[in-house]
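The structure appears right after this line, and notes come after that.
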Amino acid sequence: MAAATISLSERTIAALGKVVTGDPINKDNLRVAPYRSGPAILRFFNEFGLNDVYSRGGSESRWAMAESRIRSFNGDARLIKVIEEALAPGHFRDTDF
């Protein structure tokens with residue numbers, strides 16, 4: 001039996017990216033998840049098989065970093081695990097979210 005896969009639209013990738021980064025979701029600076037630094041974002045995605053290393057002063061922004069990694073999993077069975085982990089209660093415990 002093949003593992004289930006899903007594919008996300010660009011709009012959904014952008015929304016999930018904000019959950020992963022902890023960036024604001026609107027112009028009023030509303031956030032729905034805790035902030036993650038660049039190194040923390042890469043550690044998050046490396047848990048799913050990537051092997052990225054953070055380059056201080058690199059040209060990739062945190063949101064671009066998150067969205068490009070989500071795209072790399074789009075259509076891959078691991079994307080389901082990425083989403084589950086991004087929304088795992090442990091990341092929100094002891095926060096305002």
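Residue numbers start at 1 in each chain; chains themselves are named A, B, ... in the order of the structure tokens; ligands are numbered from 1 in the order shown.
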Contacts of region 45-55 of chain A at 12 Å (only C-alpha atoms; same-chain gap of 4+ positions) as a PyMOL selection string:
chain A and resi 17+20-21+36-41+59-62+65-73+76-86
Name the residues in contact with Phe92 (chain A) at a cut-off of 9 Å, using only C-alpha atoms, excluding same-chain residues fewer than 5 positions from it; report them as a PyMOL selection string.
chain A and resi 33-34+87+97
Expected file: the selected residues, all heavy atoms, as a PDB file, in the first residue's frame:
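Once written, selection22.pdb looks like this:
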```pdb
ATOM      1  N   ALA A  33       1.372  31.398  15.704  1.00  0.00           N
ATOM      2  CA  ALA A  33       2.333  30.394  16.160  1.00  0.00           C
ATOM      3  C   ALA A  33       3.572  31.098  16.702  1.00  0.00           C
ATOM      4  O   ALA A  33       3.852  32.245  16.342  1.00  0.00           O
ATOM      5  CB  ALA A  33       2.717  29.465  15.004  1.00  0.00           C
ATOM      6  N   PRO A  34       4.328  30.412  17.548  1.00  0.00           N
ATOM      7  CA  PRO A  34       5.550  31.003  18.093  1.00  0.00           C
ATOM      8  C   PRO A  34       6.601  31.261  17.011  1.00  0.00           C
ATOM      9  O   PRO A  34       6.689  30.526  16.020  1.00  0.00           O
ATOM     10  CB  PRO A  34       6.062  29.954  19.082  1.00  0.00           C
ATOM     11  CG  PRO A  34       4.964  28.976  19.262  1.00  0.00           C
ATOM     12  CD  PRO A  34       4.063  29.090  18.079  1.00  0.00           C
ATOM     13  N   LEU A  87       1.862  21.765  13.606  1.00  0.00           N
ATOM     14  CA  LEU A  87       0.702  22.036  14.446  1.00  0.00           C
ATOM     15  C   LEU A  87       0.700  21.249  15.759  1.00  0.00           C
ATOM     16  O   LEU A  87      -0.274  21.318  16.510  1.00  0.00           O
ATOM     17  CB  LEU A  87      -0.580  21.725  13.660  1.00  0.00           C
ATOM     18  CG  LEU A  87      -0.765  22.553  12.390  1.00  0.00           C
ATOM     19  CD1 LEU A  87      -1.944  22.030  11.587  1.00  0.00           C
ATOM     20  CD2 LEU A  87      -0.915  24.022  12.714  1.00  0.00           C
ATOM     21  N   PHE A  97      -0.081  31.074  22.300  1.00  0.00           N
ATOM     22  CA  PHE A  97      -0.805  30.582  21.138  1.00  0.00           C
ATOM     23  C   PHE A  97      -1.579  29.313  21.441  1.00  0.00           C
ATOM     24  O   PHE A  97      -1.170  28.460  22.101  1.00  0.00           O
ATOM     25  CB  PHE A  97       0.175  30.310  19.989  1.00  0.00           C
ATOM     26  CG  PHE A  97       0.948  31.539  19.633  1.00  0.00           C
ATOM     27  CD1 PHE A  97       2.231  31.729  20.116  1.00  0.00           C
ATOM     28  CD2 PHE A  97       0.376  32.532  18.868  1.00  0.00           C
ATOM     29  CE1 PHE A  97       2.937  32.878  19.803  1.00  0.00           C
ATOM     30  CE2 PHE A  97       1.070  33.684  18.565  1.00  0.00           C
ATOM     31  CZ  PHE A  97       2.359  33.858  19.028  1.00  0.00           C
TER      32      PHE A  97
END
```
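Going from CA of Arg93 (chain A) over to CA of Phe44 (chain A), you cover 16.7 Å.
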Could you list, as a list in words, every residue within 10 Å of Ser9 (chain A), counting only C-alpha atoms and ignoring same-chain residues fewer than 5 positions away?
Ala14, Ala15, Arg71 and Asn74 of chain A
Can those selected residues be exported to a file as a PDB file, in the first residue's frame so that it contains C-alpha atoms?
```pdb
ATOM      1  CA  ALA A  14       2.214  30.634   2.256  1.00  0.00           C
ATOM      2  CA  ALA A  15      -0.195  30.110   5.173  1.00  0.00           C
ATOM      3  CA  ARG A  71       7.395  23.190  -1.695  1.00  0.00           C
ATOM      4  CA  ASN A  74       4.710  19.109  -1.846  1.00  0.00           C
TER       5      ASN A  74
END
```
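Taking only region 31-66 of chain A, the residues that DSSP calls alpha helix (DSSP H) from the backbone come to Gly38, Pro39, Ala40, Ile41, Leu42, Arg43, Phe44, Phe45, Asn46, Arg62, Trp63, Ala64, Met65 and Ala66 of chain A.
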One-decimal distance in Å that lies between CA of Thr5 (chain A) and CA of Asp23 (chain A):
26.5 Å
